[in-house]
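The structure file upload32.txt is reproduced below (compact mmCIF, C-alpha atoms).
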```txt
# COMPACT_ATOMS: atom_id res chain seq x y z
CA MET A 8 -234.14 32.05 -56.75
CA PRO A 9 -235.71 29.20 -54.72
CA PHE A 10 -234.22 26.81 -57.27
CA ILE A 11 -230.68 28.16 -56.78
CA ALA A 12 -230.99 28.16 -52.97
CA ALA A 13 -232.27 24.55 -52.88
CA PHE A 14 -229.54 23.49 -55.34
CA ILE A 15 -226.69 25.01 -53.30
CA LEU A 16 -227.97 23.76 -49.93
CA SER A 17 -228.55 20.18 -51.14
CA TYR A 18 -225.16 20.12 -52.88
CA LEU A 19 -223.48 21.25 -49.64
CA LEU A 20 -225.27 18.44 -47.76
CA TRP A 21 -224.15 15.95 -50.42
CA LEU A 22 -220.55 17.12 -50.09
CA VAL A 23 -220.65 16.73 -46.29
CA LEU A 24 -222.21 13.26 -46.51
CA THR A 25 -219.81 11.86 -49.10
CA ALA A 26 -216.51 13.33 -47.85
CA GLY A 27 -213.76 10.82 -47.12
CA THR A 28 -214.41 8.22 -49.83
CA ASN A 29 -211.41 8.97 -52.07
CA GLY A 30 -208.59 9.57 -49.65
CA LEU A 31 -209.80 12.47 -47.56
CA LEU A 32 -211.58 14.17 -50.48
CA TRP A 33 -214.21 13.38 -53.13
CA SER A 34 -213.85 11.40 -56.35
CA THR A 35 -214.91 12.96 -59.67
CA GLN A 36 -217.87 10.61 -60.18
CA GLU A 37 -219.29 11.61 -56.82
CA LEU A 38 -219.06 15.32 -57.59
CA ILE A 39 -220.91 14.83 -60.91
CA ALA A 40 -223.58 12.58 -59.35
CA GLY A 41 -224.06 15.22 -56.64
CA VAL A 42 -224.72 17.92 -59.26
CA ILE A 43 -227.32 15.70 -60.96
CA PHE A 44 -229.16 14.83 -57.74
CA SER A 45 -229.07 18.43 -56.50
CA LEU A 46 -230.57 19.62 -59.80
CA ILE A 47 -233.40 17.09 -59.39
CA VAL A 48 -234.04 18.14 -55.78
CA GLY A 49 -233.92 21.84 -56.63
CA TYR A 50 -236.35 21.40 -59.52
CA ALA A 51 -238.77 19.28 -57.48
CA THR A 52 -238.90 21.67 -54.51
CA ARG A 53 -238.94 25.03 -56.35
CA ASP A 54 -242.64 25.61 -55.52
CA VAL A 55 -242.41 24.37 -51.94
CA ILE A 56 -239.72 26.41 -50.23
CA GLY A 57 -240.97 29.92 -50.97
CA GLU A 58 -239.78 32.99 -52.83
CA LYS A 59 -237.53 34.49 -50.12
CA ALA A 60 -235.33 31.41 -49.58
CA GLY A 61 -232.38 33.22 -51.15
CA ARG A 62 -231.75 35.14 -47.93
CA PHE A 63 -230.39 31.94 -46.35
CA LEU A 64 -227.40 32.14 -48.73
CA ASN A 65 -226.23 35.40 -47.14
CA PRO A 66 -222.81 34.70 -45.51
CA VAL A 67 -223.39 37.41 -42.86
CA LYS A 68 -226.36 35.40 -41.64
CA TRP A 69 -224.29 32.20 -41.40
CA LEU A 70 -221.76 34.12 -39.31
CA GLY A 71 -224.65 35.29 -37.14
CA PHE A 72 -225.76 31.70 -36.55
CA ILE A 73 -222.21 30.72 -35.60
CA VAL A 74 -222.04 33.59 -33.08
CA TYR A 75 -225.52 32.67 -31.82
CA SER A 76 -224.77 29.01 -31.13
CA PRO A 77 -222.63 29.55 -27.95
CA VAL A 78 -225.34 31.85 -26.54
CA LEU A 79 -227.96 29.16 -27.19
CA PHE A 80 -225.69 26.46 -25.78
CA TRP A 81 -225.15 28.38 -22.55
CA GLY A 82 -228.93 28.81 -22.31
CA MET A 83 -229.33 25.04 -22.74
CA VAL A 84 -226.78 24.31 -19.99
CA LYS A 85 -228.70 26.51 -17.54
CA ALA A 86 -232.00 25.01 -18.68
CA ASN A 87 -230.85 21.45 -18.11
CA LEU A 88 -229.39 22.08 -14.65
CA HIS A 89 -232.71 23.80 -13.77
CA VAL A 90 -234.84 20.93 -15.07
CA ALA A 91 -232.57 18.36 -13.41
CA TRP A 92 -233.04 20.18 -10.09
CA LEU A 93 -236.81 20.19 -10.64
CA VAL A 94 -236.81 16.47 -11.45
CA ILE A 95 -234.97 15.73 -8.20
CA THR A 96 -236.94 18.05 -5.90
CA GLY A 97 -240.32 18.13 -7.69
CA LYS A 98 -241.19 21.74 -6.72
CA ILE A 99 -243.14 23.10 -9.69
CA ARG A 100 -245.64 25.92 -10.29
CA PRO A 101 -246.78 25.45 -13.89
CA GLY A 102 -249.02 27.53 -16.13
CA ILE A 103 -249.44 28.86 -19.66
CA VAL A 104 -248.63 32.57 -20.07
CA ARG A 105 -249.13 34.95 -22.98
CA VAL A 106 -245.89 36.60 -24.07
CA PRO A 107 -246.15 39.65 -26.34
CA VAL A 108 -243.33 39.76 -28.89
CA ASP A 109 -242.35 42.20 -31.61
CA LEU A 110 -241.35 40.07 -34.61
CA GLU A 111 -242.09 40.36 -38.32
CA ASN A 112 -241.84 37.13 -40.32
CA ASP A 113 -242.11 33.36 -40.03
CA ALA A 114 -238.38 32.68 -39.78
CA GLN A 115 -238.12 34.95 -36.73
CA TYR A 116 -241.06 33.18 -35.08
CA THR A 117 -239.46 29.79 -35.78
CA ILE A 118 -236.09 30.77 -34.27
CA MET A 119 -237.79 32.42 -31.28
CA SER A 120 -240.08 29.47 -30.48
CA ASN A 121 -237.35 26.85 -30.88
CA SER A 122 -234.97 28.86 -28.69
CA ILE A 123 -237.67 29.25 -26.03
CA THR A 124 -238.35 25.52 -26.09
CA LEU A 125 -234.68 24.69 -25.59
CA THR A 126 -234.03 27.21 -22.78
CA PRO A 127 -234.86 27.43 -19.05
CA GLY A 128 -238.22 26.13 -17.95
CA THR A 129 -240.31 27.26 -20.92
CA LEU A 130 -242.02 25.51 -23.83
CA THR A 131 -243.88 27.19 -26.69
CA VAL A 132 -247.44 25.92 -27.08
CA ASP A 133 -248.67 28.19 -29.87
CA ALA A 134 -247.52 31.17 -31.91
CA CYS A 135 -250.05 33.77 -33.05
CA PRO A 136 -248.45 36.12 -35.60
CA GLU A 137 -251.75 37.98 -36.12
CA GLU A 138 -251.83 39.19 -32.50
CA LYS A 139 -248.02 39.27 -32.10
CA ALA A 140 -247.92 36.87 -29.16
CA LEU A 141 -246.52 33.51 -28.15
CA TYR A 142 -248.28 31.18 -25.72
CA VAL A 143 -245.60 29.66 -23.50
CA HIS A 144 -245.88 26.89 -20.92
CA TRP A 145 -243.72 27.90 -17.97
CA ILE A 146 -242.84 25.18 -15.50
CA LYS A 147 -242.05 27.45 -12.53
CA ILE A 148 -243.73 30.85 -12.71
CA PRO A 149 -242.22 33.37 -10.23
CA GLU A 150 -244.73 35.11 -7.92
CA GLY A 151 -246.48 38.01 -9.68
CA MET A 152 -245.35 37.00 -13.17
CA GLU A 153 -248.65 35.58 -14.43
CA ARG A 154 -249.07 38.39 -17.01
CA PRO A 155 -245.63 39.28 -18.43
CA GLN A 156 -245.54 42.56 -20.38
CA SER A 157 -242.46 41.74 -22.50
CA SER A 158 -240.42 38.69 -23.47
CA GLU A 159 -237.52 39.71 -21.21
CA PRO A 160 -238.38 37.57 -18.09
CA VAL A 161 -239.29 34.55 -20.22
CA ALA A 162 -236.69 34.37 -22.96
CA GLY A 163 -233.85 36.66 -21.85
CA PRO A 164 -231.88 38.00 -24.83
CA PHE A 165 -233.36 35.66 -27.44
CA GLU A 166 -235.93 38.05 -28.91
CA LYS A 167 -233.17 40.46 -29.94
CA TRP A 168 -231.22 37.58 -31.56
CA ALA A 169 -234.27 36.21 -33.37
CA ARG A 170 -235.06 39.66 -34.80
CA ARG A 171 -231.50 40.03 -36.04
CA LEU A 172 -231.10 36.51 -37.51
CA GLY A 173 -234.44 36.05 -39.27
CA ARG A 174 -234.52 39.38 -41.10
CA MET B 10 -210.47 -0.48 -25.32
CA MET B 11 -212.50 2.63 -26.16
CA GLU B 12 -215.09 0.53 -28.00
CA THR B 13 -216.03 -1.35 -24.81
CA VAL B 14 -216.84 1.95 -23.10
CA PHE B 15 -219.20 2.87 -25.95
CA PHE B 16 -220.91 -0.53 -25.55
CA TYR B 17 -221.62 0.12 -21.87
CA ALA B 18 -222.84 3.63 -22.68
CA ALA B 19 -225.28 2.19 -25.24
CA LEU B 20 -226.44 -0.29 -22.58
CA VAL B 21 -227.26 2.55 -20.15
CA VAL B 22 -229.17 4.37 -22.91
CA MET B 23 -231.17 1.16 -23.48
CA ILE B 24 -232.05 1.03 -19.77
CA ALA B 25 -233.29 4.62 -20.00
CA GLY B 26 -235.34 3.50 -23.00
CA LEU B 27 -236.89 0.72 -20.89
CA ILE B 28 -237.93 3.28 -18.24
CA THR B 29 -239.53 5.29 -21.06
CA ILE B 30 -241.39 2.24 -22.39
CA LEU B 31 -242.87 1.85 -18.89
CA ARG B 32 -244.41 5.32 -19.27
CA ILE B 33 -245.73 4.40 -22.74
CA MET B 34 -247.49 1.36 -21.26
CA LEU B 35 -248.76 3.12 -18.10
CA GLY B 36 -249.59 6.50 -19.65
CA PRO B 37 -253.12 7.44 -18.62
CA SER B 38 -253.86 9.53 -21.73
CA VAL B 39 -252.88 9.43 -25.40
CA PRO B 40 -250.64 12.58 -25.31
CA ASP B 41 -248.68 10.99 -22.44
CA ARG B 42 -247.92 8.02 -24.66
CA VAL B 43 -246.92 10.30 -27.54
CA VAL B 44 -244.51 12.16 -25.24
CA GLY B 45 -243.01 8.81 -24.27
CA LEU B 46 -242.67 7.84 -27.93
CA ASP B 47 -240.94 11.12 -28.77
CA THR B 48 -238.47 10.60 -25.91
CA LEU B 49 -237.85 7.03 -27.05
CA ASN B 50 -237.07 8.27 -30.58
CA THR B 51 -234.40 10.63 -29.25
CA LEU B 52 -232.93 7.86 -27.10
CA VAL B 53 -232.81 5.48 -30.08
CA VAL B 54 -230.88 8.09 -32.07
CA ALA B 55 -228.38 8.47 -29.19
CA GLY B 56 -228.05 4.69 -28.89
CA MET B 57 -227.52 4.30 -32.65
CA VAL B 58 -224.73 6.88 -32.69
CA LEU B 59 -223.04 5.21 -29.70
CA LEU B 60 -223.36 1.74 -31.28
CA GLY B 61 -221.90 3.10 -34.51
CA ALA B 62 -218.78 4.09 -32.58
CA ALA B 63 -218.77 0.79 -30.68
CA TYR B 64 -218.98 -1.44 -33.76
CA ASP B 65 -216.78 0.95 -35.80
CA ARG B 66 -219.38 1.16 -38.57
CA THR B 67 -220.47 4.51 -40.06
CA ILE B 68 -223.65 3.00 -41.53
CA TYR B 69 -225.23 2.94 -38.04
CA ILE B 70 -224.87 6.72 -37.85
CA ASP B 71 -226.53 7.08 -41.28
CA ILE B 72 -229.43 5.06 -39.91
CA ALA B 73 -229.57 7.48 -36.95
CA ILE B 74 -229.92 10.45 -39.36
CA VAL B 75 -232.75 8.80 -41.31
CA TYR B 76 -234.46 7.67 -38.09
CA ALA B 77 -234.34 11.19 -36.61
CA LEU B 78 -236.01 12.71 -39.68
CA LEU B 79 -238.63 9.95 -40.12
CA SER B 80 -239.61 9.79 -36.44
CA TYR B 81 -240.16 13.55 -36.52
CA ILE B 82 -242.64 13.11 -39.37
CA GLY B 83 -244.36 10.34 -37.37
CA THR B 84 -244.68 12.61 -34.33
CA LEU B 85 -246.13 15.40 -36.46
CA ALA B 86 -248.66 13.01 -38.02
CA ILE B 87 -249.85 11.77 -34.61
CA ALA B 88 -250.06 15.36 -33.33
CA ARG B 89 -252.17 16.44 -36.31
CA TYR B 90 -254.42 13.41 -35.77
CA LEU B 91 -254.97 14.30 -32.08
CA GLN B 92 -255.64 17.91 -33.00
CA GLY B 93 -258.67 16.88 -35.04
CA GLY B 94 -258.24 14.89 -38.22
CA LEU B 95 -255.49 14.67 -40.80
CA ALA B 96 -257.13 17.19 -43.11
CA MET C 24 -204.83 6.21 -21.63
CA ASN C 25 -204.35 9.91 -22.22
CA TRP C 26 -206.31 13.12 -21.90
CA VAL C 27 -208.49 12.38 -24.95
CA SER C 28 -209.97 9.29 -23.29
CA TYR C 29 -210.72 11.29 -20.14
CA LEU C 30 -212.49 13.90 -22.30
CA ILE C 31 -214.58 11.14 -23.93
CA TYR C 32 -215.40 9.66 -20.50
CA ALA C 33 -216.56 13.09 -19.29
CA PHE C 34 -218.79 13.59 -22.34
CA LEU C 35 -220.28 10.11 -21.97
CA ALA C 36 -220.93 10.63 -18.25
CA ILE C 37 -222.81 13.91 -18.86
CA SER C 38 -224.73 12.34 -21.75
CA LEU C 39 -225.85 9.28 -19.78
CA THR C 40 -226.77 11.35 -16.71
CA PHE C 41 -229.08 13.61 -18.66
CA ASN C 42 -230.59 10.85 -20.81
CA THR C 43 -231.51 8.89 -17.68
CA LEU C 44 -232.84 12.05 -15.97
CA GLY C 45 -235.01 12.70 -19.03
CA SER C 46 -236.62 9.28 -18.81
CA ILE C 47 -237.07 9.58 -15.02
CA ALA C 48 -238.71 13.01 -15.54
CA LEU C 49 -241.50 11.19 -17.43
CA HIS C 50 -242.44 9.50 -14.14
CA ARG C 51 -241.79 12.42 -11.76
CA PHE C 52 -244.01 15.10 -13.29
CA PRO C 53 -247.83 15.16 -13.12
CA ASP C 54 -249.09 16.08 -16.61
CA VAL C 55 -248.27 16.15 -20.33
CA TYR C 56 -246.73 19.63 -20.49
CA THR C 57 -244.33 19.26 -17.58
CA ARG C 58 -243.33 15.82 -18.87
CA LEU C 59 -242.54 17.39 -22.25
CA HIS C 60 -240.17 19.81 -20.48
CA GLY C 61 -238.16 17.03 -18.90
CA ALA C 62 -238.25 14.73 -21.89
CA THR C 63 -237.38 17.22 -24.63
CA LYS C 64 -234.70 19.26 -22.89
CA CYS C 65 -232.86 16.53 -21.05
CA THR C 66 -232.74 14.00 -23.87
CA THR C 67 -231.74 16.61 -26.47
CA PHE C 68 -228.91 17.80 -24.23
CA GLY C 69 -227.82 14.24 -23.47
CA THR C 70 -227.77 13.34 -27.16
CA ILE C 71 -225.65 16.43 -27.95
CA PHE C 72 -223.00 15.11 -25.57
CA ALA C 73 -223.24 11.54 -26.90
CA VAL C 74 -222.57 12.91 -30.40
CA LEU C 75 -219.70 15.04 -29.06
CA ALA C 76 -218.13 11.93 -27.50
CA VAL C 77 -218.37 10.01 -30.78
CA PHE C 78 -217.05 13.04 -32.69
CA THR C 79 -214.01 13.33 -30.40
CA HIS C 80 -213.39 9.58 -30.64
CA ALA C 81 -213.58 9.66 -34.45
CA LEU C 82 -211.26 12.68 -34.74
CA TYR C 83 -208.75 11.02 -32.43
CA ARG C 84 -208.83 7.77 -34.44
CA LEU C 85 -208.43 9.83 -37.64
CA HIS C 86 -205.39 11.49 -36.12
CA VAL C 87 -203.90 8.13 -35.05
CA THR C 88 -204.71 5.88 -38.03
CA GLY C 89 -205.33 8.33 -40.90
CA ASP C 90 -208.23 6.15 -42.12
CA PRO C 91 -210.80 8.35 -43.99
CA LYS C 92 -213.59 6.16 -42.57
CA TYR C 93 -213.25 8.12 -39.33
CA LEU C 94 -213.66 11.45 -41.12
CA GLN C 95 -216.97 10.10 -42.46
CA MET C 96 -217.99 9.02 -38.96
CA ALA C 97 -217.30 12.49 -37.50
CA LEU C 98 -219.14 14.38 -40.26
CA HIS C 99 -222.15 12.06 -40.26
CA SER C 100 -222.58 12.27 -36.50
CA ILE C 101 -222.61 16.08 -36.77
CA VAL C 102 -225.33 15.84 -39.46
CA ALA C 103 -227.36 13.54 -37.16
CA LEU C 104 -227.02 16.12 -34.36
CA LEU C 105 -228.23 18.94 -36.64
CA ALA C 106 -231.25 16.89 -37.76
CA LEU C 107 -232.13 16.20 -34.13
CA LEU C 108 -231.67 19.83 -33.02
CA LEU C 109 -233.92 21.14 -35.80
CA THR C 110 -236.71 18.59 -35.36
CA ASN C 111 -236.95 17.97 -31.61
CA PRO C 112 -238.29 21.35 -30.36
CA THR C 113 -240.78 21.48 -33.25
CA GLY C 114 -242.10 18.02 -32.39
CA ALA C 115 -242.52 19.02 -28.73
CA HIS C 116 -244.38 22.16 -29.79
CA ALA C 117 -246.70 20.11 -32.03
CA ILE C 118 -247.47 17.64 -29.22
CA ALA C 119 -248.18 20.46 -26.72
CA LYS C 120 -250.55 22.24 -29.08
CA ALA C 121 -252.32 19.03 -30.06
CA ALA C 122 -252.73 18.01 -26.40
CA HIS C 123 -254.23 21.38 -25.52
CA LEU C 124 -256.59 21.46 -28.50
CA SER C 125 -257.81 17.92 -27.80
CA GLY C 126 -258.80 18.92 -24.28
CA TYR C 127 -256.04 17.91 -21.87
CA LYS C 128 -255.67 20.84 -19.48
CA PRO C 129 -252.49 21.50 -17.45
CA VAL C 130 -252.75 20.08 -13.92
CA LYS C 131 -252.36 22.48 -10.97
CA ALA C 132 -251.82 25.45 -13.30
CA VAL C 133 -251.80 28.91 -11.72
CA VAL C 134 -252.69 30.61 -15.01
CA ASP C 135 -253.84 29.37 -18.44
CA ALA C 136 -253.85 32.26 -20.90
CA TYR C 137 -254.24 29.96 -23.92
CA GLU C 138 -257.53 28.61 -22.55
CA GLU C 139 -258.79 32.20 -22.14
CA LYS C 140 -257.89 32.97 -25.75
CA LEU C 141 -259.58 29.83 -27.10
CA GLY C 142 -262.64 30.50 -24.93
CA GLY C 143 -262.84 34.02 -26.36
CA GLU C 144 -263.04 32.60 -29.88
CA GLY C 145 -265.81 30.24 -28.86
CA ARG C 146 -264.09 27.00 -29.79
```
Can you dump the structure from the file as structure tokens?
Amino acid sequence: MPFIAAFILSYLLWLVLTAGTNGLLWSTQELIAGVIFSLIVGYATRDVIGEKAGRFLNPVKWLGFIVYSPVLFWGMVKANLHVAWLVITGKIRPGIVRVPVDLENDAQYTIMSNSITLTPGTLTVDACPEEKALYVHWIKIPEGMERPQSSEPVAGPFEKWARRLGR
Amino acid sequence: MMETVFFYAALVVMIAGLITILRIMLGPSVPDRVVGLDTLNTLVVAGMVLLGAAYDRTIYIDIAIVYALLSYIGTLAIARYLQGGLA
Amino acid sequence: MNWVSYLIYAFLAISLTFNTLGSIALHRFPDVYTRLHGATKCTTFGTIFAVLAVFTHALYRLHVTGDPKYLQMALHSIVALLALLLTNPTGAHAIAKAAHLSGYKPVKAVVDAYEEKLGGEGR
């Protein structure tokens, strides 16, 4: 299964990178060379990428990522206006807080931490799956928020999305 | 016409890169310099993409892809080194 | 001059504003962690808009000239954007963790829960 997943993903990348050489499409030699190189890559990485990589071929999940991207983009717009305002005024109240989260596997932690890093005023310092918590550097902590009890004030709706996408 | 605009945009990105290099030289601690380096990598990728449009050459954008991936590995290596050895 | 060029100008203006703000943030903020905020977020956002400007330009040229070179340019710039979006937050996270573990504490912090956890483990 890891072999098939790596083969399909690297062949897709090859197709994207070589489009537009023969008219607007691909020539036959390129398609065959892509199969050969993708076989080599899939064989070489079959031990590296893990047993459950097949779940990234699920089309429902790809649709989920497409729906998720405008949510993330809107979060990034707010984050950047916030940081730009902080750069101009310089009013900060930084600190590292512990955020308890309820996630199950590594993919969910990856999506959650990357989303937190890209959204308003927060930056993940460490993830601790064994105690189900993220350590987040927050650039402007509101008064009385030094010990948050859930991820709601820090990350907004992203925990729900991460749980759904990384399953 | 449009290409000239991309040239000026790349010039402004280079000026931002110069401001970043100032932080790399001044930076009081090693992590400060690494942050500056990471910022400079992102700016170089942006400048490469803009120059690719300005010179009308796709190969510049390919270089931007490879540079983004390789600079990430460099950042990770420096971070592991700071954290206590490359073991 | 038509509406496509104005769209490209708008994208380039946003991109250059945020890239410059990101590099100024390195000088405005007091310590490593706050500098990472400014640097990572602003430059990632600025580069997204630089790529969008190039993408729009390439699609417009493809529409005008029909040269497949411009299709390549559009697709490759999107791949560059994806590479950057996947790697940049992870790199920032690695730098923050490494800085904390090697002993650089956040300046003027009101709370440092990570320090309490590491102290509890006796590291």
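Every polymer residue reaching to within 10 Å of (-224.7, 4.3, -37.0), counting all atoms listed in the file, appears in this list: Val54, Ala55, Gly56, Met57, Val58, Leu59, Leu60, Gly61, Ala62, Ala63, Tyr64, Asp65, Arg66, Thr67, Ile68, Tyr69, Ile70, Asp71, Ile72, Ala73 and Ile74 of chain B; Met96, His99, Ser100 and Ala103 of chain C.
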Pull out every residue of chain A that has at least one atom within 12 Å of chain B, counting only C-alpha atoms, and report them as a compact mmCIF listing (two decimals) with C-alpha atoms, in the coordinates of the input.
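That gives us out.txt:
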```
# COMPACT_ATOMS: atom_id res chain seq x y z
CA LEU A 24 -222.21 13.26 -46.51
CA THR A 25 -219.81 11.86 -49.10
CA GLY A 27 -213.76 10.82 -47.12
```
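The gap separating CA of Ala119 (chain C) from CA of Leu46 (chain B) is 13.8 Å, in Å to one decimal.
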Query - Contact set, chain C to chain B: 9 Å, all atoms listed in the file, as a PyMOL selection string - result: chain C and resi 28+32+35-36+38-39+42-47+49-50+54-55+58-59+62-63+66-67+69-71+73-74+76-77+80-81+92-93+95-97+99-100+102-104+106-107+110-111+113-115+117-125+127
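Among the candidate residues A:Leu110, A:Ala140, A:Ala169, A:Val104, the one lying nearest to chain C is A:Val104, with distances computed using all atoms listed in the file.
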Shell of 7 Å around Leu125 (chain A), only C-alpha atoms, local chain residues under 6 positions omitted, as a tab-separated table (two decimals) with C-alpha atoms, in the coordinates of the input:
```
chain	number	residue	atom	x	y	z
A	83	MET	CA	-229.33	25.04	-22.74
C	64	LYS	CA	-234.70	19.26	-22.89
C	112	PRO	CA	-238.29	21.35	-30.36
```
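For the pair CA of Thr40 (chain C) and CA of Tyr17 (chain B), the separation is 13.4 Å.
CA of Lys128 (chain C) is found 19.3 Å from CA of Lys98 (chain A).
Comparing C:Leu75, C:Ala33, C:Val87, C:Leu94 by their smallest distance to chain A, the closest is C:Leu94 (using all atoms listed in the file).
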**Report entry** Residue contacts of His116 (chain C) (8 Å, all atoms listed in the file) excluding same-chain residues fewer than 4 positions away, as a PyMOL selection string
**Finding:** (chain A and resi 124+130-133) or (chain C and resi 112+120)
Write the residues of the selection above to a file with C-alpha atoms, as a tab-separated table (two decimals), in the coordinates of the input.
```tsv
chain	number	residue	atom	x	y	z
A	124	THR	CA	-238.35	25.52	-26.09
A	130	LEU	CA	-242.02	25.51	-23.83
A	131	THR	CA	-243.88	27.19	-26.69
A	132	VAL	CA	-247.44	25.92	-27.08
A	133	ASP	CA	-248.67	28.19	-29.87
C	112	PRO	CA	-238.29	21.35	-30.36
C	120	LYS	CA	-250.55	22.24	-29.08
```
Requested in this report: Check every residue of chain A for an atom within 9 Å of chain C, counting only C-alpha atoms, and provide those that qualify as an MDAnalysis selection string.
Outcome: chainID A and resid 20 23:32 83:84 86:87 90:91 93:95 97 99:105 117 120:122 124:126 128:133 142:146 148 153:154
